[in-house]
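Structure file work_27.tsv with TSV, C-alpha atoms:
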```
chain	number	residue	atom	x	y	z
A	64	MET	CA	78.64	118.58	65.42
A	65	THR	CA	81.24	118.71	62.64
A	66	ILE	CA	80.14	117.76	59.12
A	67	ILE	CA	82.19	114.76	57.96
A	68	HIS	CA	83.87	115.24	54.58
A	69	ASN	CA	86.23	112.26	54.47
A	70	GLN	CA	87.68	109.46	56.58
A	71	GLN	CA	90.29	111.75	58.13
A	72	ASP	CA	87.48	113.83	59.69
A	73	VAL	CA	85.89	110.94	61.57
A	74	THR	CA	88.36	110.46	64.43
A	75	PRO	CA	88.66	114.16	65.42
A	76	ALA	CA	84.87	114.47	65.39
A	77	VAL	CA	84.40	111.45	67.64
A	78	LEU	CA	87.20	112.53	69.99
A	79	LYS	CA	85.59	115.94	70.39
A	80	VAL	CA	82.41	114.24	71.62
A	81	MET	CA	84.30	111.83	73.88
A	82	GLU	CA	86.11	114.75	75.52
A	83	GLN	CA	82.75	116.13	76.69
A	84	THR	CA	82.38	113.17	79.10
A	85	SER	CA	82.07	114.59	82.62
A	86	ASP	CA	83.54	111.64	84.51
A	87	PRO	CA	87.34	112.06	84.20
A	88	ARG	CA	88.21	108.36	84.25
A	89	LEU	CA	85.51	107.46	81.72
A	90	ARG	CA	86.70	110.37	79.55
A	91	GLU	CA	90.29	109.11	79.70
A	92	ILE	CA	89.23	105.57	78.76
A	93	MET	CA	86.92	106.61	75.91
A	94	VAL	CA	89.41	109.03	74.34
A	95	SER	CA	92.13	106.39	74.39
A	96	LEU	CA	89.73	103.73	73.11
A	97	ILE	CA	88.73	105.82	70.10
A	98	LYS	CA	92.36	106.64	69.25
A	99	HIS	CA	93.42	102.99	69.38
A	100	LEU	CA	90.26	101.54	67.82
A	101	HIS	CA	90.30	103.94	64.88
A	102	GLY	CA	94.05	103.43	64.55
A	103	PHE	CA	93.56	99.67	64.44
A	104	ILE	CA	90.91	99.97	61.72
A	105	ARG	CA	93.22	102.11	59.61
A	106	ASP	CA	96.22	99.88	60.30
A	107	VAL	CA	94.53	96.71	59.03
A	108	ARG	CA	92.31	98.56	56.53
A	109	LEU	CA	89.26	96.75	57.86
A	110	THR	CA	86.84	95.87	55.07
A	111	GLU	CA	83.08	96.25	55.27
A	112	THR	CA	82.65	92.49	55.13
A	113	GLU	CA	85.14	92.00	57.98
A	114	PHE	CA	83.33	94.64	60.03
A	115	GLN	CA	80.02	92.86	59.49
A	116	GLN	CA	81.61	89.56	60.48
A	117	ALA	CA	83.12	91.14	63.62
A	118	THR	CA	79.78	92.53	64.82
A	119	ARG	CA	78.15	89.16	64.16
A	120	ILE	CA	80.86	87.42	66.18
A	121	LEU	CA	80.31	89.74	69.15
A	122	ASN	CA	76.58	89.18	68.94
A	123	THR	CA	77.14	85.41	68.87
A	124	MET	CA	79.44	85.58	71.91
A	125	GLY	CA	76.67	87.31	73.85
A	126	GLN	CA	74.24	84.56	72.86
A	127	GLN	CA	76.76	81.90	73.94
A	128	SER	CA	77.06	83.36	77.46
A	129	ASN	CA	74.70	82.21	80.20
A	130	ASP	CA	74.56	81.48	83.94
A	131	LYS	CA	77.08	78.64	83.52
A	132	HIS	CA	79.36	79.99	80.78
A	133	ASN	CA	80.93	83.40	80.09
A	134	GLU	CA	82.28	83.56	76.54
A	135	PHE	CA	83.73	87.06	76.92
A	136	VAL	CA	85.82	86.05	79.96
A	137	LEU	CA	87.03	83.02	78.00
A	138	MET	CA	87.96	85.19	75.01
A	139	ALA	CA	89.72	87.77	77.19
A	140	GLY	CA	91.93	85.04	78.63
A	141	SER	CA	92.63	83.53	75.23
A	142	LEU	CA	93.89	86.90	73.98
A	143	GLY	CA	96.09	87.51	77.05
A	144	VAL	CA	93.92	90.44	78.16
A	145	SER	CA	92.98	88.96	81.54
A	146	SER	CA	96.59	88.17	82.43
A	147	LEU	CA	97.79	91.61	81.34
A	148	VAL	CA	95.14	93.44	83.39
A	149	CYS	CA	96.01	91.32	86.43
A	150	LEU	CA	99.76	91.88	86.23
A	151	LEU	CA	99.37	95.62	85.59
A	152	ASN	CA	97.23	96.05	88.70
A	153	ASN	CA	99.18	93.91	91.18
A	154	GLY	CA	102.74	93.44	92.34
A	155	ASP	CA	103.22	97.17	93.02
A	156	ASN	CA	101.48	98.11	89.77
A	157	GLY	CA	103.28	95.57	87.64
A	158	THR	CA	106.81	96.19	88.91
A	159	THR	CA	107.27	93.16	91.17
A	160	GLU	CA	106.32	89.49	91.31
A	161	THR	CA	102.80	88.71	92.48
A	162	THR	CA	100.72	85.70	93.46
A	163	GLN	CA	97.62	87.38	92.06
A	164	SER	CA	96.30	85.77	88.89
A	165	LEU	CA	93.14	85.14	86.89
A	166	LEU	CA	89.68	84.65	88.38
A	167	GLY	CA	88.61	82.39	85.54
A	168	PRO	CA	85.04	81.81	84.36
A	169	PHE	CA	83.87	79.36	87.05
A	170	TRP	CA	83.99	81.09	90.45
A	171	ARG	CA	80.67	80.94	92.34
A	172	MET	CA	79.47	82.82	95.40
A	173	ASN	CA	78.72	81.08	98.72
A	174	HIS	CA	81.10	78.14	98.73
A	175	PRO	CA	80.21	75.67	101.52
A	176	VAL	CA	81.99	76.47	104.80
A	177	THR	CA	84.47	73.66	105.48
A	178	GLU	CA	86.57	72.96	108.57
A	179	ASN	CA	90.29	73.55	108.25
A	180	GLY	CA	91.80	70.35	106.86
A	181	GLY	CA	88.41	69.13	105.67
A	182	SER	CA	87.47	67.53	102.38
A	183	ILE	CA	85.89	69.36	99.45
A	184	LEU	CA	84.71	66.08	97.91
A	185	ARG	CA	80.90	66.28	97.95
A	186	SER	CA	80.25	63.39	95.57
A	187	GLU	CA	82.20	60.31	94.53
A	188	THR	CA	85.24	61.59	92.62
A	189	PRO	CA	87.82	58.95	91.71
A	190	GLY	CA	91.44	59.97	91.42
A	191	PRO	CA	94.68	60.32	93.39
A	192	ARG	CA	94.08	62.15	96.66
A	193	LEU	CA	95.48	65.66	97.07
A	194	TYR	CA	96.37	67.23	100.43
A	195	GLY	CA	96.74	70.97	100.03
A	196	THR	CA	98.36	73.47	102.39
A	197	PHE	CA	98.24	77.20	101.65
A	198	THR	CA	99.95	79.77	103.84
A	199	PHE	CA	98.95	83.44	103.55
A	200	LEU	CA	101.33	86.24	104.52
A	201	ASP	CA	101.18	90.02	104.45
A	202	GLN	CA	103.84	92.07	102.68
A	203	ASN	CA	105.98	92.04	105.84
A	204	GLY	CA	105.95	88.25	105.99
A	205	ALA	CA	103.53	88.01	108.93
A	206	PRO	CA	100.76	85.37	108.81
A	207	VAL	CA	97.23	86.57	108.07
A	208	GLU	CA	94.74	85.06	110.53
A	209	GLY	CA	90.99	84.97	109.95
A	210	LEU	CA	91.27	85.10	106.17
A	211	GLU	CA	88.24	83.73	104.32
A	212	VAL	CA	89.49	81.43	101.55
A	213	ASP	CA	87.50	79.90	98.69
A	214	ILE	CA	89.07	76.83	97.06
A	215	TRP	CA	87.79	75.27	93.84
A	216	HIS	CA	89.14	73.23	90.95
A	217	ALA	CA	88.21	70.92	88.09
A	218	SER	CA	87.72	67.19	88.57
A	219	PRO	CA	90.19	64.52	87.36
A	220	VAL	CA	88.20	64.40	84.11
A	221	GLY	CA	88.76	68.11	83.57
A	222	LEU	CA	85.27	69.41	84.37
A	223	TYR	CA	84.04	71.83	87.03
A	224	GLU	CA	80.94	70.74	88.89
A	225	ASN	CA	78.72	73.26	87.09
A	226	GLN	CA	79.75	71.64	83.77
A	227	ASP	CA	79.14	68.06	84.89
A	228	GLU	CA	75.73	66.74	85.95
A	229	SER	CA	77.35	63.66	87.53
A	230	GLN	CA	78.96	65.84	90.23
A	231	ALA	CA	77.07	67.07	93.29
A	232	ASP	CA	76.42	70.79	93.66
A	233	PHE	CA	79.57	72.54	94.92
A	234	ASN	CA	81.69	69.42	94.51
A	235	LEU	CA	85.40	70.32	94.72
A	236	ARG	CA	84.55	73.70	96.26
A	237	GLY	CA	84.93	74.87	99.83
A	238	LYS	CA	85.34	77.92	102.05
A	239	PHE	CA	88.01	77.91	104.78
A	240	ILE	CA	89.28	80.26	107.50
A	241	THR	CA	93.01	80.60	108.16
A	242	GLY	CA	94.37	79.98	111.66
A	243	ALA	CA	96.85	82.03	113.68
A	244	ASP	CA	99.68	80.73	111.50
A	245	GLY	CA	97.97	82.04	108.35
A	246	THR	CA	97.52	78.50	107.05
A	247	MET	CA	94.56	76.56	105.72
A	248	ARG	CA	94.52	72.93	104.65
A	249	PHE	CA	92.12	70.94	102.51
A	250	ARG	CA	91.68	67.44	101.11
A	251	SER	CA	90.63	66.76	97.54
A	252	VAL	CA	91.71	64.89	94.40
A	253	LYS	CA	94.53	65.86	92.07
A	254	PRO	CA	93.18	67.96	89.17
A	255	ILE	CA	94.39	67.55	85.61
A	256	GLY	CA	94.94	69.92	82.73
A	257	TYR	CA	91.84	70.36	80.65
A	258	PRO	CA	90.64	71.96	77.43
A	259	ILE	CA	88.58	75.13	77.59
A	260	PRO	CA	85.23	74.87	75.76
A	261	THR	CA	85.85	74.67	72.02
A	262	GLY	CA	82.31	74.50	70.67
A	263	THR	CA	81.94	78.27	70.77
A	264	THR	CA	83.57	81.37	69.24
A	265	VAL	CA	86.80	80.98	71.22
A	266	GLY	CA	87.20	77.43	69.94
A	267	MET	CA	86.82	78.65	66.35
A	268	LEU	CA	89.53	81.25	66.94
A	269	LEU	CA	91.93	78.66	68.41
A	270	ALA	CA	91.37	76.35	65.42
A	271	ALA	CA	92.02	79.21	63.00
A	272	GLN	CA	95.28	79.98	64.84
A	273	ASN	CA	96.41	76.34	65.09
A	274	ARG	CA	96.42	76.56	68.89
A	275	HIS	CA	95.64	73.81	71.39
A	276	PRO	CA	92.85	74.55	73.89
A	277	TYR	CA	94.51	73.23	77.06
A	278	ARG	CA	95.09	74.80	80.46
A	279	PRO	CA	97.61	73.29	82.89
A	280	ALA	CA	96.17	71.69	86.02
A	281	HIS	CA	95.53	74.22	88.80
A	282	VAL	CA	93.72	74.96	92.03
A	283	HIS	CA	91.79	78.23	92.32
A	284	VAL	CA	92.06	80.42	95.43
A	285	LEU	CA	90.08	83.51	96.42
A	286	ALA	CA	91.01	85.01	99.79
A	287	HIS	CA	89.70	88.15	101.46
A	288	LYS	CA	89.73	90.01	104.77
A	289	GLU	CA	89.24	93.65	105.67
A	290	GLY	CA	92.46	95.62	105.22
A	291	PHE	CA	93.74	93.50	102.35
A	292	LYS	CA	93.15	93.56	98.63
A	293	THR	CA	91.20	90.44	97.70
A	294	LEU	CA	93.66	87.79	96.53
A	295	ILE	CA	92.63	85.91	93.41
A	296	ASN	CA	94.99	83.09	92.57
A	297	GLN	CA	95.51	80.03	90.43
A	298	THR	CA	98.14	77.71	91.88
A	299	TYR	CA	99.50	75.43	89.16
A	300	VAL	CA	100.11	71.77	89.94
A	301	ASP	CA	100.86	70.59	86.43
A	302	GLU	CA	103.81	68.52	85.26
A	303	THR	CA	103.25	68.85	81.49
A	304	SER	CA	104.19	71.21	78.69
A	305	TYR	CA	100.94	73.08	79.25
A	306	LEU	CA	102.79	75.10	81.89
A	307	THR	CA	104.64	76.83	79.06
A	308	SER	CA	101.78	76.86	76.54
A	309	ASP	CA	98.71	77.75	78.61
A	310	VAL	CA	95.90	78.76	76.26
A	311	GLN	CA	94.94	81.52	78.74
A	312	PHE	CA	98.49	82.89	79.23
A	313	GLY	CA	98.05	82.63	83.00
A	314	VAL	CA	101.21	80.93	84.30
A	315	THR	CA	103.92	82.92	86.08
A	316	ALA	CA	106.77	81.51	88.19
A	317	ALA	CA	105.16	82.75	91.42
A	318	LEU	CA	102.04	80.69	90.75
A	319	ILE	CA	103.63	77.24	90.51
A	320	GLY	CA	102.99	75.28	93.71
A	321	LYS	CA	105.18	72.63	95.28
A	322	LEU	CA	103.57	69.34	94.24
A	323	GLU	CA	104.99	66.08	95.58
A	324	LYS	CA	103.96	62.50	94.85
A	325	HIS	CA	103.80	59.93	97.67
A	326	THR	CA	103.20	56.17	97.70
A	327	GLY	CA	103.30	55.14	101.37
A	328	PRO	CA	100.37	55.40	103.81
A	329	HIS	CA	99.29	58.97	104.55
A	330	PRO	CA	100.31	59.80	108.17
A	331	GLU	CA	96.89	61.23	109.11
A	332	ASP	CA	94.18	59.21	107.37
A	333	GLY	CA	96.11	56.14	106.17
A	334	GLU	CA	95.47	56.79	102.47
A	335	VAL	CA	97.50	54.22	100.53
A	336	GLY	CA	98.61	54.03	96.94
A	337	GLU	CA	99.42	57.16	94.99
A	338	TRP	CA	98.65	60.48	96.73
A	339	TYR	CA	100.00	64.02	96.48
A	340	THR	CA	100.78	66.99	98.68
A	341	LEU	CA	100.57	70.58	97.49
A	342	GLU	CA	102.16	73.48	99.33
A	343	HIS	CA	102.17	77.13	98.37
A	344	THR	CA	102.74	80.46	100.13
A	345	LEU	CA	100.70	83.42	98.93
A	346	THR	CA	101.25	87.10	99.72
A	347	LEU	CA	98.44	89.63	100.18
A	348	GLU	CA	98.73	93.32	99.41
A	349	PRO	CA	97.12	96.01	101.58
A	350	GLY	CA	93.96	97.46	100.16
A	351	VAL	CA	90.18	97.20	100.04
A	352	SER	CA	88.54	93.80	100.49
A	353	LYS	CA	86.06	93.59	97.62
A	354	LEU	CA	84.65	90.49	95.99
A	355	PRO	CA	84.69	90.26	92.19
A	356	ILE	CA	81.56	90.00	90.07
A	357	PRO	CA	80.78	86.26	89.81
A	358	PRO	CA	81.13	85.16	86.16
A	359	ILE	CA	78.51	82.42	86.76
A	360	LYS	CA	75.71	81.79	89.26
```

If you took the structure in this file and wrote it as structure tokens, what would it be?
Amino acid sequence: MTIIHNQQDVTPAVLKVMEQTSDPRLREIMVSLIKHLHGFIRDVRLTETEFQQATRILNTMGQQSNDKHNEFVLMAGSLGVSSLVCLLNNGDNGTTETTQSLLGPFWRMNHPVTENGGSILRSETPGPRLYGTFTFLDQNGAPVEGLEVDIWHASPVGLYENQDESQADFNLRGKFITGADGTMRFRSVKPIGYPIPTGTTVGMLLAAQNRHPYRPAHVHVLAHKEGFKTLINQTYVDETSYLTSDVQFGVTAALIGKLEKHTGPHPEDGEVGEWYTLEHTLTLEPGVSKLPIPPIK
């Protein structure tokens, strides 16, 4: 171990230890982390008080996370980290357009199995009805049959069912299987844009930066089948300025679905008044089918 004489000695000493890491990928990550982290501290000339505040903030974020809320996922999105990681790792390693996007903090395991075309309304949920159709293709444009697809979204008041005691368990969530044409359909209500939680550390950051907390309305998709990389998607159905000012930096052109408003009777179930259709085509990449770590239980 090198004796430290001054601040210039710190980084080389730490890097020497990091380079002893036996796992090559962990070694690469830790060496780069130390270089950038120490460089950041020198660049902003971080004060002792600021360092103490930073460690307290991280500790608080851990305390604010629980089975129903993940503050670190929320912060990562609010800093553009989640979007950057996604786009770097998809679309031929960040070189082409992709329908992959953010998982978000509210995916749960074991969505209720629902028949193709069935409803994901599991408790009374007022709002304009939404009829969604998603088509899944491989990179050659062929339909992907037998794909297991989780669908979930926030209610018309902007809350997911785990945030809202008035909603039944797994309301606005369902699991579907694509047919031979690679398509699955579902019935729901039209979601709206909503604010992310602001009573925690992320909310304090947004206020300090004069940023609004809103996400554009969207429907979440998670699709997987052996032979394909698990597709994680947010299909945006919003018609507001939040599309260009998403607090989580998640919107790309490939993620905006075709949303259409209708007023006549629905041809299948006779729904009258205002109702919407949503259509979107999603492309899967070859790879390993692996489910992500659920951010909540």

Per residue of stretch 129-243 of chain A within 10 Å of stretch 350-356 of chain A, what are the shortest atom pair and its distance in Å to one decimal, counting all atoms listed in the file, with rows by chain and residue number, as a Markdown table?
```
| residue | atom | partner | partner_atom | distance |
| --- | --- | --- | --- | --- |
| A:Leu166 | CA | A:Pro355 | CA | 8.4 |
| A:Trp170 | CA | A:Ile356 | CA | 9.2 |
| A:Arg171 | CA | A:Ile356 | CA | 9.4 |
| A:Met172 | CA | A:Ile356 | CA | 9.2 |
```

Fill in: A:Gly180 environment, 10 Å, all atoms listed in the file, sequence neighbours closer than 3 positions dropped, as a ChimeraX atom specification
/A:177,183,194-196,239,246-250

Save out the residues we just selected, C-alpha atoms, as a PDB file, in the coordinates of the input.
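Below is the file that was written, out_17.pdb:
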```pdb
ATOM      1  CA  THR A 177      84.470  73.660 105.480  1.00  0.00           C
ATOM      2  CA  ILE A 183      85.890  69.360  99.450  1.00  0.00           C
ATOM      3  CA  TYR A 194      96.370  67.230 100.430  1.00  0.00           C
ATOM      4  CA  GLY A 195      96.740  70.970 100.030  1.00  0.00           C
ATOM      5  CA  THR A 196      98.360  73.470 102.390  1.00  0.00           C
ATOM      6  CA  PHE A 239      88.010  77.910 104.780  1.00  0.00           C
ATOM      7  CA  THR A 246      97.520  78.500 107.050  1.00  0.00           C
ATOM      8  CA  MET A 247      94.560  76.560 105.720  1.00  0.00           C
ATOM      9  CA  ARG A 248      94.520  72.930 104.650  1.00  0.00           C
ATOM     10  CA  PHE A 249      92.120  70.940 102.510  1.00  0.00           C
ATOM     11  CA  ARG A 250      91.680  67.440 101.110  1.00  0.00           C
TER      12      ARG A 250
END
```

Practice prompt. Using all atoms listed in the file, pick whichever of A:Asn69, A:Ser182, A:Ser164, A:Gln116 has the shortest atom-to-atom distance to A:Ser146.
Written response: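 Residue with the minimum atom-to-atom distance to A:Ser146: A:Ser164.
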
Discussion item. For A:Ala286, find every residue with an atom within 6 Å (counting all atoms listed in the file), except residues of its own chain fewer than 3 positions away, and show them as number ranges by chain.
Written reply: A: 211-212, 293-294

Fill in: Residue contacts of A:Asn296 (12 Å, only C-alpha atoms) excluding same-chain residues fewer than 3 positions away, as number ranges by chain
A: 146, 149-150, 153, 161-167, 170, 197, 199, 212-216, 281-287, 293, 299, 313-315, 317-320, 343-347

Worksheet item: Between A:Asp106, A:Asp309, A:Glu289, A:Asp201, which one has atoms that come closest to A:Tyr277, using all atoms listed in the file?
Response: A:Asp309

Item to complete: Could you tell me how far atom CA of A:Leu222 lies from atom CA of A:Gly256, in Å and to one decimal?
Response: 9.8 Å

Worksheet item: Can you tell me how far atom CA of A:Ile255 sits from atom CA of A:Pro279, in Å to one decimal?
Response: 7.1 Å

Worksheet entry | Closest of A:Thr261, A:Asn122, A:Thr198, A:Asn173 to A:Asp244 - atom-to-atom distances counting all atoms listed in the file | A:Thr198

Worksheet item: Could you state the separation of atom CA of A:Gln71 and atom CA of A:Leu100 in Å, given to one decimal place?
Response: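 Atom-to-atom, atom CA of A:Gln71 to atom CA of A:Leu100, that is 14.1 Å.
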
Please rebuild stretch 245-263 of chain A with N, CA and C atoms and give the result as a compact mmCIF listing (two decimals), keeping the file's coordinate frame.
```
# COMPACT_ATOMS: atom_id res chain seq x y z
N GLY A 245 98.25 81.62 109.73
CA GLY A 245 97.97 82.04 108.35
C GLY A 245 97.79 80.90 107.38
N THR A 246 97.56 79.69 107.90
CA THR A 246 97.52 78.50 107.05
C THR A 246 96.12 77.90 107.00
N MET A 247 95.75 77.39 105.84
CA MET A 247 94.56 76.56 105.72
C MET A 247 94.92 75.30 104.95
N ARG A 248 94.25 74.21 105.29
CA ARG A 248 94.52 72.93 104.65
C ARG A 248 93.22 72.35 104.12
N PHE A 249 93.31 71.58 103.06
CA PHE A 249 92.12 70.94 102.51
C PHE A 249 92.50 69.60 101.89
N ARG A 250 91.50 68.73 101.75
CA ARG A 250 91.68 67.44 101.11
C ARG A 250 90.81 67.38 99.87
N SER A 251 91.38 66.82 98.80
CA SER A 251 90.63 66.76 97.54
C SER A 251 91.21 65.64 96.67
N VAL A 252 91.06 65.78 95.37
CA VAL A 252 91.71 64.89 94.40
C VAL A 252 92.58 65.75 93.50
N LYS A 253 93.60 65.13 92.92
CA LYS A 253 94.53 65.86 92.07
C LYS A 253 93.83 66.25 90.75
N PRO A 254 93.78 67.55 90.44
CA PRO A 254 93.18 67.96 89.17
C PRO A 254 94.11 67.68 88.01
N ILE A 255 93.57 67.74 86.81
CA ILE A 255 94.39 67.55 85.61
C ILE A 255 94.22 68.78 84.71
N GLY A 256 95.12 68.91 83.75
CA GLY A 256 94.94 69.92 82.73
C GLY A 256 93.72 69.59 81.89
N TYR A 257 93.07 70.60 81.39
CA TYR A 257 91.84 70.36 80.65
C TYR A 257 91.67 71.36 79.51
N PRO A 258 90.89 71.01 78.51
CA PRO A 258 90.64 71.96 77.43
C PRO A 258 89.53 72.94 77.81
N ILE A 259 89.68 74.19 77.44
CA ILE A 259 88.58 75.13 77.59
C ILE A 259 87.51 74.75 76.57
N PRO A 260 86.28 75.22 76.73
CA PRO A 260 85.23 74.87 75.76
C PRO A 260 85.61 75.29 74.35
N THR A 261 85.45 74.39 73.41
CA THR A 261 85.85 74.67 72.02
C THR A 261 84.68 74.69 71.05
N GLY A 262 83.46 74.51 71.55
CA GLY A 262 82.31 74.50 70.67
C GLY A 262 81.70 75.87 70.47
N THR A 263 82.46 76.91 70.87
CA THR A 263 81.94 78.27 70.77
C THR A 263 82.93 79.13 69.97
```
